[in-house]
Each structure stands twice: as C-alpha cells, then as structure tokens.
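> To start, I am sharing the structure in question, which I have written as structure tokens.
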Amino acid sequence: MTSAAQLAYLQARLQARHGDRPSPDEWRMAEASADLSHYLDALGRTALKRWVRDLHPEMAPEEIERLLRAAWRQEVDEVADWSPEDWRPGVEWLRWLPDLPAIDHLVRGEQVPPWMRADPVLREFAFEEPQRRAEALAGLPLAPLGEDDVAAAWLAAWRARLPGRRHEPPAELTALVETLRDHVHAMRAGPAADGQALRNSLAANLARRFRHGAGTVVALFSHLLLQGLALERVRAGIIARRLLPERAEGRSWA
C-alpha cells in the first residue's frame, strides 16, 4: 500500500508545480494580447512555456491541437512518475482524456477527418472500416474504450486501475468524480450557461480539494484536473486567436 513517505514526496513535487501556476495578472496580460504571436510570447514568460514552446502562429489548428494533446500526456506521465507505484496505472489512464471525443466519434462509425492521419494515437485504428474499429482498438492501450458509451467505459477502466478494492474508489475520489459530472452537466445545460463562470467555480473547488487533501491522492487528482483546466484555457486562447484574429469577443475563455 501507499506509504506516508511516498505521499509526502508526491505532495512536495505537486506543491512546487502548483505554486508555479500563472498568477491572475499573468493570465490577464496574456489574454489581453491582440494576436496569437503576442499571446504565445506572454505564455512563454510563465511556467506554462513547457506547453507552448513548440508552437508558432502559422501552424495549422489541427497541428496545434495535436501538440497540446501531447503536452497533456506528458504532464500526466510526469505526475505518474512521481506517484506511488500502486497509483500509477490510475494516474496514467488520465492521459487519454483529451482523445475521448474523437474516439467516441470513431466508435460511432462516423466519417474520419483527414487530420487524424497525422495523429499518433487515433491513426492506429481510425482508418479501419467502421465495423472493425472496436476490433482494432483491442490491441491498443485504448482497448477498454471500444464501447458505445466511451465516457462510461473510460471511467470504469479508471476505477479498475485503482489500488485496493476494485471498482470502489475512496469516498473522496468518488466525491471528486461527482463534482466533475455536475460541471459537465452544467456546461451542457444550454446556450445560456456561462462557461467561464462554471470553469472558474470548478477551479476554485479543485484548489480547495488540493489544499485540504494535502498528502493524499485527492491532491494528486485535483492537481492534474487543475492542470487540465489551465491547458483548456491555453487551447481556447490559441485556437480563438488562430481562427478568429479579428474578433476580440472570440478570444475569451468561454
């Protein structure tokens, strides 16, 4: 089982990364940028430079998206390396989260967009005949996702990777999952939903869980989810400026 010493080491690493997050002033400065070049320069002066160092304003949107998904997988893998061995499979499974919408699209037999040919994850099964995609998934790390409900399959596979009693995560992690479900439901509630306010509320909730769960795996998953929200915010800022450079109202994190 996980020892107190292992969790203390993990918390020290997470705390250092947590403290490096951009300040509200740094976010405001970046998001005041009128174009993508200035936005990337502003982010490059923060700890988030590791996510954007390989990006440039002339990149095609699909290439930007691919590099940001890779940045997320690298983030997860780094935290997994810090984690106690018995928790690593559950942490590593988070690396596929940004791919779930595309996997769902493919599992439902939808048409394959050309950009998937360059994607190192999706191209392994995307170009099979629709009825054979689930079979092609069977030989890949993504095998559990060859189901009709990809999100539910991902969650079941995550629970199966947690240590201890299978399919019964600690109560604190169950509460964290419910918080995320509530957030997703609120985001899908309709066009009147204020996406920025909902994300800010979730970020505040996760930050509290990180503080109160210090020295536990709740802090681990809360940290990674906060990083995911930050990366989502970066993605919104980059893609909006890349696709809508003339529309200031299109640059908000909504």
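Just so we're on the same page: first chain in the structure tokens is A, next is B, and so on; residues restart at 1 for each chain, and ligands are numbered from 1 in the order they show up.
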Using only C-alpha atoms, find each residue of region 144-203 of chain A with at least one atom at most 10 Å away from an atom of region 222-230 of chain A; report its shortest atom-to-atom pair and that distance in Å (one decimal), sort the rows by chain and rising residue number, and return the result as a Markdown table.


```
| residue | atom | partner | partner_atom | distance |
| --- | --- | --- | --- | --- |
| A:Leu173 | CA | A:Ser222 | CA | 9.4 |
| A:Leu176 | CA | A:Ser222 | CA | 8.1 |
| A:Leu180 | CA | A:Leu225 | CA | 9.5 |
| A:Arg199 | CA | A:Leu229 | CA | 7.6 |
| A:Asn200 | CA | A:Leu229 | CA | 9.2 |
| A:Leu202 | CA | A:Leu226 | CA | 8.7 |
| A:Ala203 | CA | A:Leu226 | CA | 6.2 |
```

> If we count only C-alpha atoms, what is near Glu129 (chain A) at a cut-off of 12 Å, once residues fewer than 6 positions away on the same chain are taken out, given as number ranges by chain?

A: 106-112, 135-136

> Can I get the selection written as an mmCIF file, in the first residue's frame, with C-alpha atoms?


```
data_model
loop_
_atom_site.group_PDB
_atom_site.id
_atom_site.type_symbol
_atom_site.label_atom_id
_atom_site.label_comp_id
_atom_site.auth_asym_id
_atom_site.auth_seq_id
_atom_site.Cartn_x
_atom_site.Cartn_y
_atom_site.Cartn_z
ATOM 1 C CA LEU A 106 -14.919 6.951 -34.402
ATOM 2 C CA VAL A 107 -16.567 4.231 -32.334
ATOM 3 C CA ARG A 108 -19.945 5.500 -33.517
ATOM 4 C CA GLY A 109 -18.793 4.842 -37.076
ATOM 5 C CA GLU A 110 -18.623 8.469 -38.164
ATOM 6 C CA GLN A 111 -16.550 9.731 -41.093
ATOM 7 C CA VAL A 112 -12.828 10.113 -40.460
ATOM 8 C CA GLU A 135 -11.662 -4.783 -33.027
ATOM 9 C CA ALA A 136 -8.648 -2.660 -33.998
#
```

> Which of these residues is nearest to Ser37 (chain A), using only C-alpha atoms: A:Ala4, A:Ile238, A:Ala118, A:Ala60?

A:Ile238

> In region 4-245 of chain A, what's helix (DSSP H, G or I) per DSSP? Answer as an NGL selection string?

:A and (4-19 or 24-31 or 36-43 or 49-52 or 61-82 or 85-107 or 114-118 or 122-124 or 130-137 or 143-145 or 150-160 or 171-187 or 195-212 or 217-243)

> Quick one: which region 39-95 of chain A residues come within 9 Å of region 27-33 of chain A, and what is the nearest atom pair for each with the distance in Å to one decimal, counting only C-alpha atoms, rows ordered by chain and ascending number, as a Markdown table?


```
| residue | atom | partner | partner_atom | distance |
| --- | --- | --- | --- | --- |
| A:Tyr39 | CA | A:Ser33 | CA | 5.2 |
| A:Leu40 | CA | A:Ala30 | CA | 7.8 |
| A:Asp41 | CA | A:Ala30 | CA | 8.1 |
| A:Ala42 | CA | A:Ala30 | CA | 5.0 |
| A:Leu43 | CA | A:Ala30 | CA | 6.3 |
```

> So which residues touch region 81-91 of chain A within 6 Å, counting only C-alpha atoms, skipping near sequence neighbours fewer than 5 positions away, as a list of chain:residue names?

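Neighbouring residues, sequence-local ones excluded: A:Gln6, A:Leu10, A:Trp158, A:Arg161, A:Leu162, A:Pro163.
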
> Give me the residues within 10 Å of Gly195 (chain A) as number ranges by chain, counting only C-alpha atoms and dropping any in the same chain fewer than 4 places off.

A: 183, 186-188, 191, 199-201, 253-254

> Considering only C-alpha atoms, can you say which of A:Glu92, A:Glu58, A:Asp119, A:Asp182 comes closest to Pro141 (chain A)?

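Going through A:Glu92, A:Glu58, A:Asp119, A:Asp182 one by one, the smallest distance to Pro141 (chain A) is for A:Glu92.
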
> Need to verify the contact set: Trp51 (chain A), 12 Å, only C-alpha atoms, exclusion of same-chain residues closer than 4 positions in sequence. Can you return it as a PyMOL selection string?

chain A and resi 40+43-47+55-56+64-75+227-228+230-235+238

> With N, CA and C atoms retained, write the just-selected residues as a compact mmCIF listing (two decimals), in the first residue's frame.


```txt
# COMPACT_ATOMS: atom_id res chain seq x y z
N LEU A 40 1.33 33.88 -27.35
CA LEU A 40 2.33 32.84 -27.10
C LEU A 40 3.55 33.40 -26.39
N LEU A 43 2.60 33.76 -22.69
CA LEU A 43 2.61 32.46 -22.01
C LEU A 43 4.03 31.94 -21.84
N GLY A 44 4.89 32.27 -22.80
CA GLY A 44 6.27 31.82 -22.73
C GLY A 44 7.06 32.45 -21.60
N ARG A 45 6.51 33.49 -20.98
CA ARG A 45 7.15 34.10 -19.82
C ARG A 45 6.60 33.55 -18.50
N THR A 46 5.78 32.51 -18.59
CA THR A 46 5.24 31.86 -17.39
C THR A 46 5.73 30.41 -17.36
N ALA A 47 5.35 29.70 -16.29
CA ALA A 47 5.72 28.30 -16.18
C ALA A 47 5.05 27.44 -17.24
N LEU A 55 5.10 25.71 -30.37
CA LEU A 55 4.02 26.26 -31.19
C LEU A 55 4.46 27.56 -31.86
N HIS A 56 3.93 27.83 -33.04
CA HIS A 56 4.14 29.13 -33.66
C HIS A 56 2.85 29.53 -34.38
N ILE A 64 -1.69 22.35 -33.95
CA ILE A 64 -1.68 22.93 -32.61
C ILE A 64 -2.40 22.01 -31.63
N GLU A 65 -3.58 21.55 -32.02
CA GLU A 65 -4.36 20.66 -31.16
C GLU A 65 -3.58 19.39 -30.84
N ARG A 66 -2.91 18.83 -31.84
CA ARG A 66 -2.16 17.59 -31.63
C ARG A 66 -1.03 17.81 -30.62
N LEU A 67 -0.32 18.93 -30.74
CA LEU A 67 0.77 19.21 -29.81
C LEU A 67 0.26 19.47 -28.39
N LEU A 68 -0.90 20.08 -28.27
CA LEU A 68 -1.46 20.32 -26.94
C LEU A 68 -1.93 19.02 -26.29
N ARG A 69 -2.47 18.10 -27.09
CA ARG A 69 -2.82 16.79 -26.52
C ARG A 69 -1.56 16.06 -26.07
N ALA A 70 -0.50 16.18 -26.84
CA ALA A 70 0.77 15.57 -26.43
C ALA A 70 1.30 16.21 -25.16
N ALA A 71 1.12 17.52 -25.01
CA ALA A 71 1.56 18.21 -23.79
C ALA A 71 0.81 17.68 -22.58
N TRP A 72 -0.49 17.41 -22.76
CA TRP A 72 -1.26 16.85 -21.65
C TRP A 72 -0.74 15.46 -21.28
N ARG A 73 -0.48 14.61 -22.26
CA ARG A 73 0.01 13.27 -21.95
C ARG A 73 1.36 13.34 -21.23
N GLN A 74 2.20 14.28 -21.64
CA GLN A 74 3.49 14.44 -20.96
C GLN A 74 3.29 14.90 -19.52
N GLU A 75 2.33 15.79 -19.31
CA GLU A 75 2.03 16.27 -17.95
C GLU A 75 1.58 15.11 -17.07
N GLN A 227 -4.52 21.33 -13.77
CA GLN A 227 -3.65 21.47 -14.94
C GLN A 227 -4.45 21.30 -16.23
N GLY A 228 -5.40 20.38 -16.22
CA GLY A 228 -6.25 20.20 -17.39
C GLY A 228 -7.07 21.43 -17.71
N ALA A 230 -6.24 24.50 -16.92
CA ALA A 230 -5.30 25.51 -17.43
C ALA A 230 -4.96 25.24 -18.89
N LEU A 231 -4.76 23.98 -19.24
CA LEU A 231 -4.45 23.65 -20.63
C LEU A 231 -5.64 23.93 -21.54
N GLU A 232 -6.83 23.67 -21.04
CA GLU A 232 -8.03 24.01 -21.81
C GLU A 232 -8.11 25.52 -22.06
N ARG A 233 -7.74 26.28 -21.06
CA ARG A 233 -7.74 27.74 -21.19
C ARG A 233 -6.71 28.20 -22.22
N VAL A 234 -5.53 27.58 -22.17
CA VAL A 234 -4.49 27.89 -23.16
C VAL A 234 -4.99 27.53 -24.56
N ARG A 235 -5.58 26.36 -24.69
CA ARG A 235 -6.09 25.93 -26.00
C ARG A 235 -7.10 26.93 -26.54
N ILE A 238 -5.35 30.07 -27.78
CA ILE A 238 -4.58 29.88 -29.02
C ILE A 238 -5.50 29.70 -30.22
```

> From the set A:Glu78, A:Arg159, A:Asp20, A:Ile239, which residue has the shortest atom-to-atom contact distance to Lys49 (chain A), counting only C-alpha atoms?

A:Asp20

> Would you list the contacts of Ala152 (chain A) as a list in words, taking every protein, DNA or RNA residue within 12 Å and counting only C-alpha atoms, but skipping same-chain residues closer than 5 positions in sequence?

Leu100, Asp104, Pro144, Leu145, Gly146, Glu147, Ala157, Trp158, Arg159, Val177 and Arg181 of chain A

> Atoms to include: N, CA and C atoms. Write the selected residues as an mmCIF file, in the first residue's frame.


```cif
data_model
loop_
_atom_site.group_PDB
_atom_site.id
_atom_site.type_symbol
_atom_site.label_atom_id
_atom_site.label_comp_id
_atom_site.auth_asym_id
_atom_site.auth_seq_id
_atom_site.Cartn_x
_atom_site.Cartn_y
_atom_site.Cartn_z
ATOM 1 N N LEU A 100 -11.020 11.466 -25.867
ATOM 2 C CA LEU A 100 -12.312 10.782 -25.759
ATOM 3 C C LEU A 100 -13.338 11.262 -26.785
ATOM 4 N N ASP A 104 -14.963 8.639 -29.360
ATOM 5 C CA ASP A 104 -16.410 8.459 -29.412
ATOM 6 C C ASP A 104 -16.923 8.629 -30.842
ATOM 7 N N PRO A 144 -10.142 -0.707 -23.716
ATOM 8 C CA PRO A 144 -11.410 -0.659 -22.975
ATOM 9 C C PRO A 144 -12.417 0.344 -23.533
ATOM 10 N N LEU A 145 -11.994 1.212 -24.466
ATOM 11 C CA LEU A 145 -12.882 2.269 -24.946
ATOM 12 C C LEU A 145 -13.681 1.875 -26.178
ATOM 13 N N GLY A 146 -13.591 0.631 -26.601
ATOM 14 C CA GLY A 146 -14.349 0.190 -27.763
ATOM 15 C C GLY A 146 -15.788 -0.128 -27.406
ATOM 16 N N GLU A 147 -16.453 0.793 -26.746
ATOM 17 C CA GLU A 147 -17.835 0.616 -26.277
ATOM 18 C C GLU A 147 -18.699 1.725 -26.855
ATOM 19 N N ALA A 157 -12.825 1.805 -16.621
ATOM 20 C CA ALA A 157 -11.436 1.359 -16.746
ATOM 21 C C ALA A 157 -10.535 2.088 -15.749
ATOM 22 N N TRP A 158 -10.821 3.358 -15.482
ATOM 23 C CA TRP A 158 -10.048 4.102 -14.477
ATOM 24 C C TRP A 158 -10.237 3.479 -13.097
ATOM 25 N N ARG A 159 -11.483 3.206 -12.740
ATOM 26 C CA ARG A 159 -11.745 2.599 -11.426
ATOM 27 C C ARG A 159 -11.040 1.253 -11.295
ATOM 28 N N VAL A 177 -15.311 12.830 -8.538
ATOM 29 C CA VAL A 177 -15.941 12.435 -9.798
ATOM 30 C C VAL A 177 -17.332 13.060 -9.908
ATOM 31 N N ARG A 181 -18.877 15.496 -12.798
ATOM 32 C CA ARG A 181 -20.123 15.209 -13.516
ATOM 33 C C ARG A 181 -21.070 16.403 -13.456
#
```

> Figure out the distance between CA of Gly215 (chain A) and CA of Ala5 (chain A), please, to one decimal in Å.

9.4 Å

> If we count only C-alpha atoms, what is near Val218 (chain A) at a cut-off of 7 Å, once residues fewer than 5 positions away on the same chain are taken out, given as a list in words?

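So the residues in contact are Glu172, Leu173, Arg209, Phe210 and Gly213 of chain A.
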
> How would the residues just picked look written out with N, CA and C atoms as a PDB file, in the first residue's frame?


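New file again-v1.pdb:
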```pdb
ATOM      1  N   GLU A 172     -13.488  10.128  -1.088  1.00  0.00           N
ATOM      2  CA  GLU A 172     -13.082  11.462  -1.528  1.00  0.00           C
ATOM      3  C   GLU A 172     -12.944  11.525  -3.054  1.00  0.00           C
ATOM      4  N   LEU A 173     -12.463  10.433  -3.656  1.00  0.00           N
ATOM      5  CA  LEU A 173     -12.357  10.419  -5.117  1.00  0.00           C
ATOM      6  C   LEU A 173     -13.739  10.285  -5.760  1.00  0.00           C
ATOM      7  N   ARG A 209      -9.846  21.385  -2.770  1.00  0.00           N
ATOM      8  CA  ARG A 209      -9.584  19.964  -2.564  1.00  0.00           C
ATOM      9  C   ARG A 209      -8.078  19.686  -2.538  1.00  0.00           C
ATOM     10  N   PHE A 210      -7.326  20.400  -3.353  1.00  0.00           N
ATOM     11  CA  PHE A 210      -5.875  20.227  -3.346  1.00  0.00           C
ATOM     12  C   PHE A 210      -5.300  20.600  -1.985  1.00  0.00           C
ATOM     13  N   GLY A 213      -6.731  18.192   0.814  1.00  0.00           N
ATOM     14  CA  GLY A 213      -6.306  16.809   0.635  1.00  0.00           C
ATOM     15  C   GLY A 213      -4.805  16.638   0.590  1.00  0.00           C
TER      16      GLY A 213
END
```

> Using only C-alpha atoms for the distances, tell me which of A:Ile103, A:Asn205, A:Ala8, A:Ala34 is nearest to Ala240 (chain A).

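Looking at the shortest contact to Ala240 (chain A), the residue is A:Ala34.
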
> Calculate how many Å separate CA of Ala189 (chain A) from CA of Leu243 (chain A), rounding to one decimal.

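About the pair CA of Ala189 (chain A) and CA of Leu243 (chain A): they are 25.8 Å apart.
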
> Please, what distance in Å, to one decimal, runs between CA of Glu62 (chain A) and CA of Arg50 (chain A)?

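Going from CA of Glu62 (chain A) over to CA of Arg50 (chain A) covers 19.0 Å.
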